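start-v2.cif, holding mmCIF, C-alpha atoms:
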data_upload
loop_
_atom_site.label_atom_id
_atom_site.label_comp_id
_atom_site.auth_asym_id
_atom_site.auth_seq_id
_atom_site.Cartn_x
_atom_site.Cartn_y
_atom_site.Cartn_z
CA MET A 1 5.68 -0.98 -6.04
CA ASN A 2 2.38 0.64 -5.21
CA LYS A 3 0.60 -2.71 -5.50
CA LYS A 4 2.46 -3.94 -2.48
CA ASN A 5 2.01 -0.73 -0.51
CA VAL A 6 -1.76 -1.04 -0.70
CA LEU A 7 -1.65 -4.55 0.74
CA ILE A 8 0.68 -3.59 3.56
CA VAL A 9 -1.39 -0.61 4.66
CA LEU A 10 -4.64 -2.57 4.56
CA VAL A 11 -3.61 -5.41 6.86
CA ALA A 12 -4.29 -3.43 10.03
CA MET A 13 -7.32 -1.73 8.55
CA ILE A 14 -9.07 -4.95 7.60
CA MET A 15 -8.98 -6.38 11.10
CA MET A 16 -10.56 -3.24 12.55
CA LEU A 17 -13.04 -2.53 9.79
CA THR A 18 -14.33 -6.08 9.41
CA SER A 19 -15.40 -6.18 13.06
CA ALA A 20 -16.83 -2.65 12.82
CA ALA A 21 -18.81 -3.53 9.73
CA CYS A 22 -20.25 -6.65 11.33
CA SER A 23 -21.34 -4.76 14.45
CA SER A 24 -23.33 -2.20 12.44
CA LYS A 25 -25.42 -4.57 10.38
CA ASN A 26 -28.14 -5.88 12.65
CA ASP A 27 -30.83 -3.75 11.00
CA GLY A 28 -32.97 -6.34 9.27
CA LYS A 29 -30.94 -6.47 6.05
CA THR A 30 -30.44 -9.69 4.17
CA ALA A 31 -27.22 -11.52 5.07
CA THR A 32 -25.08 -13.15 2.39
CA GLU A 33 -21.71 -14.82 2.61
CA ASN A 34 -18.69 -13.57 0.73
CA ALA A 35 -15.98 -15.80 -0.70
CA SER A 36 -14.01 -15.87 2.55
CA GLY A 37 -17.03 -17.14 4.47
CA ALA A 38 -17.55 -13.83 6.27
CA LYS A 39 -21.08 -12.48 6.55
CA THR A 40 -21.77 -9.47 4.34
CA ASP A 41 -25.14 -7.82 4.95
CA ASN A 42 -26.44 -5.91 1.97
CA ALA A 43 -30.06 -5.02 1.42
CA SER A 44 -29.52 -4.70 -2.32
CA TYR A 45 -27.79 -8.01 -2.96
CA SER A 46 -29.73 -11.10 -3.99
CA PRO A 47 -29.01 -13.93 -6.42
CA LEU A 48 -30.10 -13.00 -9.92
CA ASP A 49 -32.28 -15.35 -11.94
CA GLU A 50 -33.96 -12.87 -14.28
CA GLU A 51 -33.68 -13.42 -18.00
CA GLU A 52 -32.95 -9.71 -18.43
CA LEU A 53 -31.11 -7.44 -16.04
CA LEU A 54 -32.48 -3.91 -15.77
CA PRO A 55 -31.23 -0.90 -13.79
CA GLU A 56 -33.06 0.10 -10.64
CA PRO A 57 -35.87 2.46 -11.72
CA ASP A 58 -34.59 5.32 -9.56
CA THR A 59 -31.01 5.21 -10.85
CA LYS A 60 -29.97 8.62 -12.14
CA GLU A 61 -26.20 8.49 -11.76
CA LEU A 62 -23.39 6.06 -10.95
CA THR A 63 -20.00 7.04 -9.55
CA VAL A 64 -17.00 5.28 -11.07
CA TRP A 65 -13.45 5.29 -9.73
CA SER A 66 -10.53 5.03 -12.15
CA THR A 67 -7.31 6.81 -13.05
CA GLU A 68 -7.38 10.35 -14.45
CA ALA A 69 -4.77 9.33 -17.03
CA GLU A 70 -7.17 6.74 -18.42
CA ARG A 71 -10.38 8.69 -17.92
CA ALA A 72 -11.20 8.74 -21.63
CA LEU A 73 -12.31 5.10 -21.49
CA VAL A 74 -14.77 5.78 -18.67
CA ASP A 75 -16.05 8.85 -20.49
CA GLU A 76 -16.65 6.93 -23.72
CA ALA A 77 -18.33 4.04 -21.93
CA GLY A 78 -20.34 6.52 -19.88
CA LYS A 79 -21.65 8.15 -23.01
CA ALA A 80 -22.76 4.80 -24.42
CA PHE A 81 -24.33 3.87 -21.08
CA LYS A 82 -26.26 7.15 -20.91
CA GLU A 83 -27.57 6.63 -24.44
CA LYS A 84 -28.75 3.11 -23.61
CA TYR A 85 -30.12 3.51 -20.09
CA GLY A 86 -30.43 7.25 -19.48
CA ILE A 87 -28.06 6.99 -16.52
CA SER A 88 -25.15 9.41 -16.10
CA ILE A 89 -21.64 8.36 -15.08
CA LYS A 90 -19.78 10.51 -12.57
CA PHE A 91 -16.00 10.04 -12.74
CA ALA A 92 -13.77 10.29 -9.67
CA GLU A 93 -10.02 9.83 -9.64
CA VAL A 94 -9.14 6.88 -7.44
CA GLY A 95 -6.57 4.64 -9.11
CA PRO A 96 -6.51 0.84 -8.91
CA ASP A 97 -3.44 1.04 -6.68
CA ARG A 98 -5.53 2.49 -3.84
CA SER A 99 -9.16 1.76 -4.72
CA PHE A 100 -9.55 -1.22 -2.40
CA ASP A 101 -7.94 0.78 0.39
CA GLN A 102 -10.48 3.55 -0.07
CA MET A 103 -13.42 1.21 -0.57
CA VAL A 104 -12.74 -0.58 2.71
CA THR A 105 -13.34 2.71 4.52
CA GLU A 106 -15.84 4.47 2.27
CA GLY A 107 -17.94 1.55 1.07
CA PRO A 108 -19.54 0.67 4.42
CA ALA A 109 -19.94 4.39 5.13
CA GLY A 110 -22.11 4.74 2.03
CA VAL A 111 -19.83 7.17 0.19
CA GLY A 112 -17.83 4.79 -2.00
CA ALA A 113 -18.11 4.55 -5.77
CA ASP A 114 -20.70 2.22 -7.25
CA VAL A 115 -18.09 0.73 -9.61
CA PHE A 116 -14.32 0.90 -9.20
CA LEU A 117 -11.20 -0.23 -11.00
CA GLY A 118 -8.92 -2.50 -8.97
CA VAL A 119 -6.21 -5.13 -9.30
CA HIS A 120 -6.83 -8.84 -8.72
CA ASN A 121 -4.10 -9.29 -6.10
CA GLN A 122 -6.18 -7.21 -3.66
CA LEU A 123 -9.15 -9.52 -4.03
CA GLY A 124 -8.54 -11.27 -0.72
CA ILE A 125 -8.68 -7.93 1.04
CA GLY A 126 -11.94 -7.04 -0.67
CA THR A 127 -13.66 -10.31 0.16
CA THR A 128 -12.37 -10.38 3.73
CA ALA A 129 -13.71 -6.88 4.32
CA GLY A 130 -16.94 -7.74 2.48
CA VAL A 131 -16.86 -4.68 0.23
CA ILE A 132 -17.37 -6.27 -3.22
CA LEU A 133 -20.17 -8.23 -4.87
CA PRO A 134 -19.60 -11.38 -6.93
CA ASN A 135 -19.92 -11.21 -10.70
CA ASP A 136 -23.07 -13.31 -10.72
CA PHE A 137 -25.47 -12.31 -13.48
CA HIS A 138 -22.76 -12.04 -16.13
CA GLU A 139 -20.58 -14.84 -14.76
CA GLU A 140 -21.11 -17.37 -17.54
CA GLU A 141 -20.50 -14.83 -20.29
CA THR A 142 -17.48 -13.36 -18.49
CA ARG A 143 -15.87 -16.75 -18.03
CA ALA A 144 -16.48 -17.73 -21.65
CA SER A 145 -15.13 -14.53 -23.21
CA ASN A 146 -12.00 -13.87 -21.16
CA ASN A 147 -8.56 -15.40 -20.74
CA PRO A 148 -8.74 -18.36 -18.31
CA ILE A 149 -5.70 -17.04 -16.40
CA ALA A 150 -7.54 -13.79 -15.75
CA ILE A 151 -10.71 -15.60 -14.74
CA ASP A 152 -8.82 -17.81 -12.30
CA ALA A 153 -7.12 -14.76 -10.81
CA LEU A 154 -10.51 -13.16 -10.13
CA THR A 155 -12.01 -16.28 -8.57
CA MET A 156 -11.99 -17.09 -4.86
CA ASP A 157 -13.58 -20.18 -3.33
CA GLY A 158 -15.36 -20.83 -6.61
CA LEU A 159 -16.92 -17.37 -6.85
CA LEU A 160 -16.02 -14.96 -9.62
CA TYR A 161 -15.44 -11.36 -8.56
CA GLY A 162 -14.92 -8.43 -10.87
CA TYR A 163 -15.23 -7.84 -14.59
CA PRO A 164 -11.76 -8.25 -16.20
CA LEU A 165 -10.53 -5.30 -18.26
CA SER A 166 -6.82 -5.74 -18.98
CA ILE A 167 -3.75 -7.83 -18.23
CA GLU A 168 -0.18 -6.86 -17.29
CA THR A 169 3.13 -8.66 -16.98
CA ILE A 170 6.84 -8.07 -17.57
CA GLY A 171 9.23 -9.01 -20.37
CA LEU A 172 12.77 -8.55 -21.60
CA TYR A 173 13.48 -5.52 -23.79
CA TYR A 174 16.79 -5.52 -25.64
CA ASN A 175 18.83 -3.12 -27.73
CA LYS A 176 19.41 -4.85 -31.07
CA ASP A 177 22.48 -2.71 -31.70
CA LEU A 178 24.21 -4.07 -28.60
CA VAL A 179 23.43 -7.79 -28.53
CA PRO A 180 25.21 -10.36 -30.76
CA ASN A 181 23.85 -10.32 -34.33
CA GLY A 182 20.92 -8.20 -33.19
CA GLU A 183 19.40 -11.07 -31.20
CA ALA A 184 19.35 -11.31 -27.43
CA PRO A 185 20.71 -14.53 -25.88
CA LYS A 186 17.97 -17.13 -25.40
CA SER A 187 19.51 -18.97 -22.45
CA TRP A 188 21.11 -17.87 -19.21
CA THR A 189 24.29 -19.67 -20.17
CA ASP A 190 24.55 -17.37 -23.18
CA VAL A 191 23.50 -14.29 -21.18
CA ILE A 192 26.30 -14.89 -18.71
CA ALA A 193 28.85 -15.43 -21.48
CA PHE A 194 27.72 -12.23 -23.22
CA ALA A 195 27.82 -10.26 -19.99
CA LYS A 196 31.41 -11.21 -19.30
CA GLU A 197 32.38 -9.64 -22.62
CA PHE A 198 30.02 -6.65 -22.60
CA ASN A 199 30.09 -5.47 -18.99
CA ASP A 200 32.18 -2.48 -17.98
CA PRO A 201 31.09 -1.40 -14.48
CA ALA A 202 33.46 1.58 -14.50
CA ALA A 203 31.56 2.91 -17.53
CA GLN A 204 28.20 1.75 -16.13
CA LYS A 205 27.75 -0.75 -18.95
CA TYR A 206 25.77 -3.88 -18.13
CA ALA A 207 24.35 -6.73 -20.19
CA TYR A 208 21.24 -7.50 -18.16
CA MET A 209 19.37 -5.64 -15.43
CA TRP A 210 16.28 -6.09 -13.31
CA GLN A 211 15.33 -4.91 -9.83
CA MET A 212 16.97 -7.80 -8.06
CA GLY A 213 15.98 -6.59 -4.58
CA ASP A 214 12.26 -6.89 -5.27
CA LEU A 215 10.08 -10.02 -5.16
CA TYR A 216 7.90 -8.90 -8.08
CA TRP A 217 10.82 -8.59 -10.48
CA THR A 218 12.82 -11.53 -9.10
CA TRP A 219 10.03 -14.10 -8.88
CA PRO A 220 10.60 -15.47 -12.44
CA PHE A 221 13.79 -17.14 -11.21
CA PHE A 222 11.93 -18.92 -8.41
CA SER A 223 8.91 -19.93 -10.47
CA GLY A 224 11.24 -21.33 -13.12
CA TYR A 225 12.63 -23.70 -10.52
CA ASP A 226 9.07 -24.71 -9.52
CA ALA A 227 9.08 -22.81 -6.25
CA TYR A 228 5.76 -21.49 -4.96
CA ILE A 229 4.53 -19.03 -2.35
CA PHE A 230 1.33 -20.58 -1.00
CA GLY A 231 0.16 -24.08 -1.86
CA ASN A 232 -3.01 -25.03 -3.69
CA ASN A 233 -2.56 -22.42 -6.39
CA GLY A 234 -1.85 -19.69 -3.85
CA ASN A 235 -4.85 -20.40 -1.65
CA ASP A 236 -3.38 -22.53 1.17
CA ILE A 237 -1.61 -20.05 3.43
CA ASN A 238 -0.57 -22.88 5.75
CA ASP A 239 1.62 -24.32 3.01
CA ILE A 240 4.48 -21.88 2.40
CA GLY A 241 6.94 -23.03 -0.26
CA LEU A 242 9.53 -20.28 -0.04
CA ASN A 243 12.14 -22.44 1.67
CA SER A 244 11.54 -25.62 -0.31
CA ASP A 245 14.39 -27.38 -2.08
CA ALA A 246 13.22 -25.77 -5.33
CA ALA A 247 13.25 -22.29 -3.79
CA ILE A 248 16.72 -22.83 -2.34
CA GLU A 249 18.05 -23.98 -5.72
CA ALA A 250 16.52 -20.90 -7.36
CA ALA A 251 17.99 -18.59 -4.72
CA LYS A 252 21.47 -20.02 -5.27
CA PHE A 253 21.30 -19.39 -9.02
CA TYR A 254 19.90 -15.91 -8.38
CA GLN A 255 22.82 -15.17 -6.04
CA SER A 256 25.33 -16.34 -8.64
CA LEU A 257 24.18 -13.60 -11.03
CA LYS A 258 25.79 -10.92 -8.91
CA GLU A 259 28.91 -11.81 -10.90
CA ILE A 260 27.35 -10.18 -13.98
CA LEU A 261 25.45 -7.44 -12.13
CA PRO A 262 27.85 -6.29 -9.41
CA LEU A 263 25.57 -3.69 -7.86
CA ALA A 264 23.73 -3.44 -4.55
CA THR A 265 19.99 -3.97 -4.63
CA VAL A 266 19.32 -0.35 -3.65
CA ASP A 267 21.38 0.84 -6.61
CA VAL A 268 18.97 -0.56 -9.22
CA THR A 269 15.68 1.28 -9.62
CA ALA A 270 13.24 1.71 -12.50
CA ASP A 271 14.69 5.14 -13.27
CA ILE A 272 18.25 3.81 -13.36
CA ARG A 273 17.30 0.92 -15.64
CA THR A 274 15.45 3.25 -17.97
CA SER A 275 18.27 5.79 -18.09
CA LEU A 276 20.98 3.22 -18.81
CA PHE A 277 18.85 1.52 -21.44
CA ALA A 278 18.02 4.76 -23.23
CA SER A 279 21.67 5.85 -23.23
CA GLY A 280 22.91 2.60 -24.78
CA LYS A 281 24.69 1.36 -21.68
CA LEU A 282 22.28 -1.45 -20.88
CA ALA A 283 21.74 -4.20 -23.43
CA MET A 284 18.80 -6.05 -21.86
CA ASN A 285 16.22 -4.47 -19.60
CA VAL A 286 13.37 -6.18 -17.73
CA SER A 287 10.28 -3.97 -17.73
CA ASP A 288 6.54 -3.93 -18.43
CA ALA A 289 4.32 -3.01 -21.35
CA ARG A 290 3.79 0.54 -20.12
CA GLN A 291 7.30 1.45 -21.24
CA ALA A 292 6.99 0.06 -24.76
CA ASN A 293 6.27 3.38 -26.46
CA GLU A 294 8.96 5.11 -24.42
CA PHE A 295 11.60 2.60 -25.48
CA LYS A 296 10.47 2.72 -29.10
CA HIS A 297 10.96 6.48 -29.01
CA ASP A 298 14.35 6.41 -27.26
CA LEU A 299 16.01 3.57 -29.18
CA LYS A 300 16.28 2.99 -32.91
CA ASN A 301 16.36 -0.78 -32.70
CA VAL A 302 14.56 -2.12 -29.66
CA GLY A 303 13.11 -5.59 -29.36
CA LEU A 304 11.09 -7.55 -26.82
CA MET A 305 11.43 -11.23 -26.00
CA GLU A 306 10.44 -13.87 -23.50
CA PHE A 307 12.88 -14.55 -20.69
CA PRO A 308 16.04 -16.64 -21.20
CA VAL A 309 15.82 -20.34 -20.41
CA LEU A 310 17.18 -21.25 -16.98
CA PRO A 311 20.09 -23.67 -16.45
CA ASN A 312 17.56 -26.38 -15.53
CA GLY A 313 16.09 -26.07 -19.03
CA LYS A 314 12.83 -24.53 -17.81
CA ALA A 315 11.15 -21.23 -18.64
CA MET A 316 11.00 -18.31 -16.25
CA LYS A 317 7.42 -17.47 -15.28
CA PRO A 318 6.87 -13.83 -14.31
CA PHE A 319 4.11 -12.48 -12.14
CA SER A 320 1.12 -10.96 -13.86
CA SER A 321 -1.79 -8.83 -12.74
CA ILE A 322 -5.34 -8.36 -13.94
CA LYS A 323 -7.17 -5.06 -13.73
CA ALA A 324 -10.92 -5.37 -13.36
CA PHE A 325 -13.95 -3.32 -12.46
CA PHE A 326 -15.59 -4.32 -9.19
CA ILE A 327 -19.02 -3.62 -7.73
CA ASN A 328 -19.30 -1.94 -4.34
CA ALA A 329 -21.20 -4.31 -2.06
CA ASN A 330 -22.90 -1.30 -0.48
CA THR A 331 -24.07 0.39 -3.68
CA LYS A 332 -27.72 1.42 -3.82
CA TYR A 333 -27.77 0.43 -7.49
CA PRO A 334 -26.22 -3.05 -7.86
CA ASN A 335 -28.04 -3.89 -11.09
CA ALA A 336 -27.10 -0.64 -12.83
CA SER A 337 -23.55 -1.10 -11.56
CA ARG A 338 -23.39 -4.62 -12.96
CA LEU A 339 -24.57 -3.34 -16.32
CA PHE A 340 -21.96 -0.60 -16.49
CA ALA A 341 -19.11 -2.89 -15.41
CA HIS A 342 -20.21 -5.37 -18.05
CA LEU A 343 -20.35 -2.70 -20.75
CA ILE A 344 -16.97 -1.09 -20.06
CA THR A 345 -15.24 -4.49 -20.05
CA SER A 346 -16.87 -5.73 -23.25
CA GLU A 347 -14.79 -6.67 -26.30
CA GLU A 348 -15.49 -3.26 -27.82
CA PHE A 349 -14.24 -1.27 -24.85
CA GLN A 350 -11.31 -3.56 -24.13
CA MET A 351 -10.17 -2.78 -27.68
CA ARG A 352 -10.69 0.93 -27.04
CA ASN A 353 -8.59 0.55 -23.90
CA PHE A 354 -5.80 -0.85 -26.07
CA GLU A 355 -6.22 1.80 -28.78
CA LEU A 356 -6.24 4.65 -26.29
CA PHE A 357 -3.59 3.50 -23.82
CA GLY A 358 -1.95 0.33 -25.10
CA ASN A 359 -3.47 -1.76 -22.30
CA LEU A 360 -3.64 -5.42 -23.28
CA PRO A 361 -7.10 -7.04 -23.27
CA SER A 362 -8.28 -9.95 -21.20
CA ASN A 363 -11.10 -10.60 -23.69
CA THR A 364 -9.98 -13.42 -25.99
CA ALA A 365 -11.69 -12.03 -29.09
CA ALA A 366 -10.06 -8.65 -28.56
CA ALA A 367 -6.69 -10.34 -27.98
CA SER A 368 -6.93 -11.98 -31.40
CA ASN A 369 -7.58 -8.66 -33.13
CA GLU A 370 -5.03 -7.90 -35.84
CA LYS A 371 -4.15 -4.60 -34.17
CA ILE A 372 -2.67 -6.65 -31.35
CA THR A 373 -1.38 -9.73 -33.12
CA SER A 374 0.48 -7.66 -35.74
CA ASP A 375 2.27 -5.55 -33.12
CA GLU A 376 5.56 -7.18 -32.04
CA PHE A 377 5.44 -5.85 -28.51
CA SER A 378 1.78 -6.55 -27.81
CA ALA A 379 1.94 -10.02 -29.33
CA THR A 380 5.05 -10.87 -27.32
CA PHE A 381 3.53 -9.69 -24.07
CA MET A 382 0.47 -11.83 -24.77
CA LYS A 383 2.79 -14.85 -25.15
CA ILE A 384 4.56 -13.99 -21.92
CA PHE A 385 1.24 -13.60 -20.12
CA ALA A 386 0.24 -17.10 -21.22
CA ASN A 387 3.24 -18.39 -19.26
CA SER A 388 2.78 -16.06 -16.28
CA ILE A 389 1.64 -16.56 -12.70
CA PRO A 390 -0.97 -14.11 -11.38
CA MET A 391 0.19 -12.50 -8.16
CA PRO A 392 -1.32 -14.30 -5.17
CA LYS A 393 -4.51 -12.63 -3.97
CA ALA A 394 -4.67 -13.83 -0.38
CA ALA A 395 -4.71 -10.95 2.10
CA GLU A 396 -1.83 -12.71 3.88
CA MET A 397 0.47 -11.72 0.99
CA ALA A 398 1.02 -8.53 2.99
CA ALA A 399 3.34 -10.56 5.22
CA LEU A 400 5.56 -11.25 2.21
CA TRP A 401 5.56 -7.78 0.74
CA ASN A 402 6.48 -6.36 4.13
CA THR A 403 9.54 -8.60 4.51
CA GLN A 404 10.74 -9.36 1.00
CA GLN A 405 13.10 -6.44 0.41
CA ALA A 406 15.16 -7.24 3.49
CA THR A 407 15.27 -10.90 2.46
CA PHE A 408 16.51 -10.25 -1.06
CA GLY A 409 18.94 -7.65 0.22
CA ILE A 410 20.54 -10.28 2.45
CA LEU A 411 20.56 -12.88 -0.31
CA TRP A 412 22.04 -10.60 -2.97
CA ASP A 413 24.09 -7.97 -1.18
CA HIS A 414 25.57 -10.19 1.52
CA GLN A 415 25.42 -13.52 -0.34
CA THR A 416 24.29 -15.22 2.86
CA ASP A 417 23.55 -18.95 2.78
CA ALA A 418 20.30 -19.35 0.82
CA LYS A 419 18.71 -21.98 3.05
CA THR A 420 19.42 -19.97 6.18
CA VAL A 421 17.90 -16.81 4.72
CA LEU A 422 14.81 -18.51 3.31
CA ASP A 423 14.15 -20.50 6.48
CA ASP A 424 14.29 -17.27 8.45
CA TRP A 425 11.98 -15.56 5.94
CA VAL A 426 9.33 -18.25 6.27
CA VAL A 427 9.43 -17.91 10.07
CA LYS A 428 8.89 -14.15 9.75
CA ILE A 429 6.01 -14.69 7.31
CA LYS A 430 4.29 -17.21 9.59
CA ASP A 431 4.67 -14.90 12.57
CA ALA A 432 3.21 -11.98 10.62
CA ILE A 433 0.27 -14.07 9.39
CA SER A 434 -0.39 -15.26 12.92
CA VAL A 435 -0.60 -11.65 14.10
CA MET A 436 -2.87 -10.73 11.18
CA ASN A 437 -5.32 -13.54 11.86
CA LYS A 438 -5.64 -13.23 15.64
#
Rewritten as structure tokens:
Amino acid sequence: MNKKNVLIVLVAMIMMLTSAACSSKNDGKTATENASGAKTDNASYSPLDEEELLPEPDTKELTVWSTEAERALVDEAGKAFKEKYGISIKFAEVGPDRSFDQMVTEGPAGVGADVFLGVHNQLGIGTTAGVILPNDFHEEETRASNNPIAIDALTMDGLLYGYPLSIETIGLYYNKDLVPNGEAPKSWTDVIAFAKEFNDPAAQKYAYMWQMGDLYWTWPFFSGYDAYIFGNNGNDINDIGLNSDAAIEAAKFYQSLKEILPLATVDVTADIRTSLFASGKLAMNVSDARQANEFKHDLKNVGLMEFPVLPNGKAMKPFSSIKAFFINANTKYPNASRLFAHLITSEEFQMRNFELFGNLPSNTAAASNEKITSDEFSATFMKIFANSIPMPKAAEMAALWNTQQATFGILWDHQTDAKTVLDDWVVKIKDAISVMNK
């Protein structure tokens, strides 16, 4: 997944750039501390106490990074912003999968965007490098109007960063023409029983499929057994729970499912899942909201549901991510940037984001709009999100993403003793974190 790739690439960069940034700041600028405790010097930043926030008088144009595919939202918000403040918005294509990467290098150099779209799980990288400003002036309003899960995901050490725009998670699509009585099994006991009747590996027919060699897609099994990655809600990197008794129990159940999905981890990709599902050879397919329209087009009777209940009677809790607009800590126009980020993430524009692209809103008022609540897929994803776990945002997550595929390959493909594999994984993670933090 590109989310992971960004984190992996940035680990080395952060260590170099943080020291470089600190060495170039002794020029009389005001020093402030970011959420990680690192000093971030920025002449423009100061706590805001004004009753009304106004753009800097000399602001003529702001640069905004986002995806070309979703540019229409920036263009519409830019038009409204120009009408209100007389400030133009210059669009540049830098997607949220690589925006933090680029900001770490371009922000301190003075050539980064004023406002950029990013994903919450890169927040630790942004604060460590000191390239983003807190959401201070609009903090109270932002917290009050958005989903608490999203707010928590964008908060580090008590400080809110970013202006939440949309939420994402994964769910279980199913072909109503293939499952018993048009309803997918609600428990793993029933899924396994169905799979034993439905599966025909020679014909590439499978009951249930997910990317079992990938932490992002496999985590719901572990979370459903109360396993965790880092303690203290993902913030205590010294407390790694990936080889706990709960994690070992989850890994053993996960391994047992190879009986109903007898493929190697490398043999299951997003394209393979999609192809089998569209051709009527896959009954249940784990995917995200971005494929909803595609599946509706390809299948006559497609449904979406929450994950089956685990053998321990508990619900699976998938990862989720929150897209947000962030303010470049080195922008010359922090006030104007705050105002634009606030505008484009308002209830009105979060609804436009849904209408234009199907992206689910973080704003609670927008989420209760009939356009969303009356749509089976959107409403179901909102329910799944309520039971989700935002991906950890500590920069040290890079140590997991860089080792997880080998770990799950050993667990699934070779069916190696779960405790042995997980103990070894935790050692590798600790070693990698130690190298990162030297």
May I have the residues within 12 Å of segment 197-204 of chain A as a list in words, using all atoms listed in the file and disregarding those fewer than 6 positions away in the same chain?
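So the residues in contact are Leu178, Val179, Pro180, Asp190, Val191, Glu259, Ile260, Leu261, Pro262, Leu263, Asp267, Val268, Ile272, Arg273, Ser275, Leu276, Phe277, Ser279, Gly280, Lys281, Leu282, Ala283 and Met284 of chain A.
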Preceding selection exported with C-alpha atoms as a tab-separated table (two decimals), in the frame of the given file:
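out.tsv, freshly written:
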chain	number	residue	atom	x	y	z
A	178	LEU	CA	24.21	-4.07	-28.60
A	179	VAL	CA	23.43	-7.79	-28.53
A	180	PRO	CA	25.21	-10.36	-30.76
A	190	ASP	CA	24.55	-17.37	-23.18
A	191	VAL	CA	23.50	-14.29	-21.18
A	259	GLU	CA	28.91	-11.81	-10.90
A	260	ILE	CA	27.35	-10.18	-13.98
A	261	LEU	CA	25.45	-7.44	-12.13
A	262	PRO	CA	27.85	-6.29	-9.41
A	263	LEU	CA	25.57	-3.69	-7.86
A	267	ASP	CA	21.38	0.84	-6.61
A	268	VAL	CA	18.97	-0.56	-9.22
A	272	ILE	CA	18.25	3.81	-13.36
A	273	ARG	CA	17.30	0.92	-15.64
A	275	SER	CA	18.27	5.79	-18.09
A	276	LEU	CA	20.98	3.22	-18.81
A	277	PHE	CA	18.85	1.52	-21.44
A	279	SER	CA	21.67	5.85	-23.23
A	280	GLY	CA	22.91	2.60	-24.78
A	281	LYS	CA	24.69	1.36	-21.68
A	282	LEU	CA	22.28	-1.45	-20.88
A	283	ALA	CA	21.74	-4.20	-23.43
A	284	MET	CA	18.80	-6.05	-21.86
Could you pull the residues within 12 Å of Val64 of chain A, counting only C-alpha atoms, minus those fewer than 2 positions along the same chain, as a PyMOL selection string?
chain A and resi 61-62+66-68+71+73-75+77-78+88-96+99+103+111-118+325-328+331+336-338+340-341+344
Residues selected by the PyMOL selection byres ((chain A and resi 375-384) around 7), written as a PyMOL selection string
chain A and resi 171+304-306+371-374+385-388
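Note that the spacing between atom CA of Gln405 of chain A and atom CA of Ile192 of chain A amounts to 24.7 Å.
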Long-range neighbours of Asn121 of chain A as number ranges by chain, 10 Å cut-off, all atoms listed in the file, 5 positions minimum in chain
A: 3-4, 7, 126, 153-154, 320-323, 390-395, 397
Residue by residue, what does the PyMOL selection byres ((chain A and resi 136) around 12) grab here? Present the result as number ranges by chain.
A: 45-50, 53, 132-135, 137-143, 155, 158-163, 326-327, 334-335, 338-339, 342
Residues near Ser256 of chain A, anyone? I mean within 9 Å using all atoms listed in the file, not counting same-chain ones fewer than 5 positions away, as a VMD selection string.
chain A and resid 251 412 415
I need the output of the PyMOL selection byres ((chain A and resi 313) around 12) for this file as an NGL selection string; which residues are they?
:A and (186-189 or 224-226 or 308-312 or 314-316)
Residue nearest Asn363 of chain A among A:Ala329, A:Val104, A:Ala72, A:Leu165 (counting only C-alpha atoms):
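Closest candidate: A:Leu165.
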Skipping near chain neighbours, those fewer than 3 positions away, what residues fall within 9 Å of Asp298 of chain A using all atoms listed in the file, listed as a CSV table (one decimal) with C-alpha atoms, keeping the file's coordinate frame?
chain,number,residue,atom,x,y,z
A,277,PHE,CA,18.8,1.5,-21.4
A,278,ALA,CA,18.0,4.8,-23.2
A,279,SER,CA,21.7,5.8,-23.2
A,293,ASN,CA,6.3,3.4,-26.5
A,294,GLU,CA,9.0,5.1,-24.4
A,295,PHE,CA,11.6,2.6,-25.5
A,302,VAL,CA,14.6,-2.1,-29.7
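For the set A:Thr345, A:Gln404, A:Asn353, A:Gln255, the residue with the smallest atom-to-atom gap to Tyr216 of chain A is A:Gln404, counting all atoms listed in the file.
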Take atom CA of Leu172 of chain A and atom CA of Arg352 of chain A and report the distance between them in Å, one decimal.
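Atom CA of Leu172 of chain A sits 25.9 Å away from atom CA of Arg352 of chain A.
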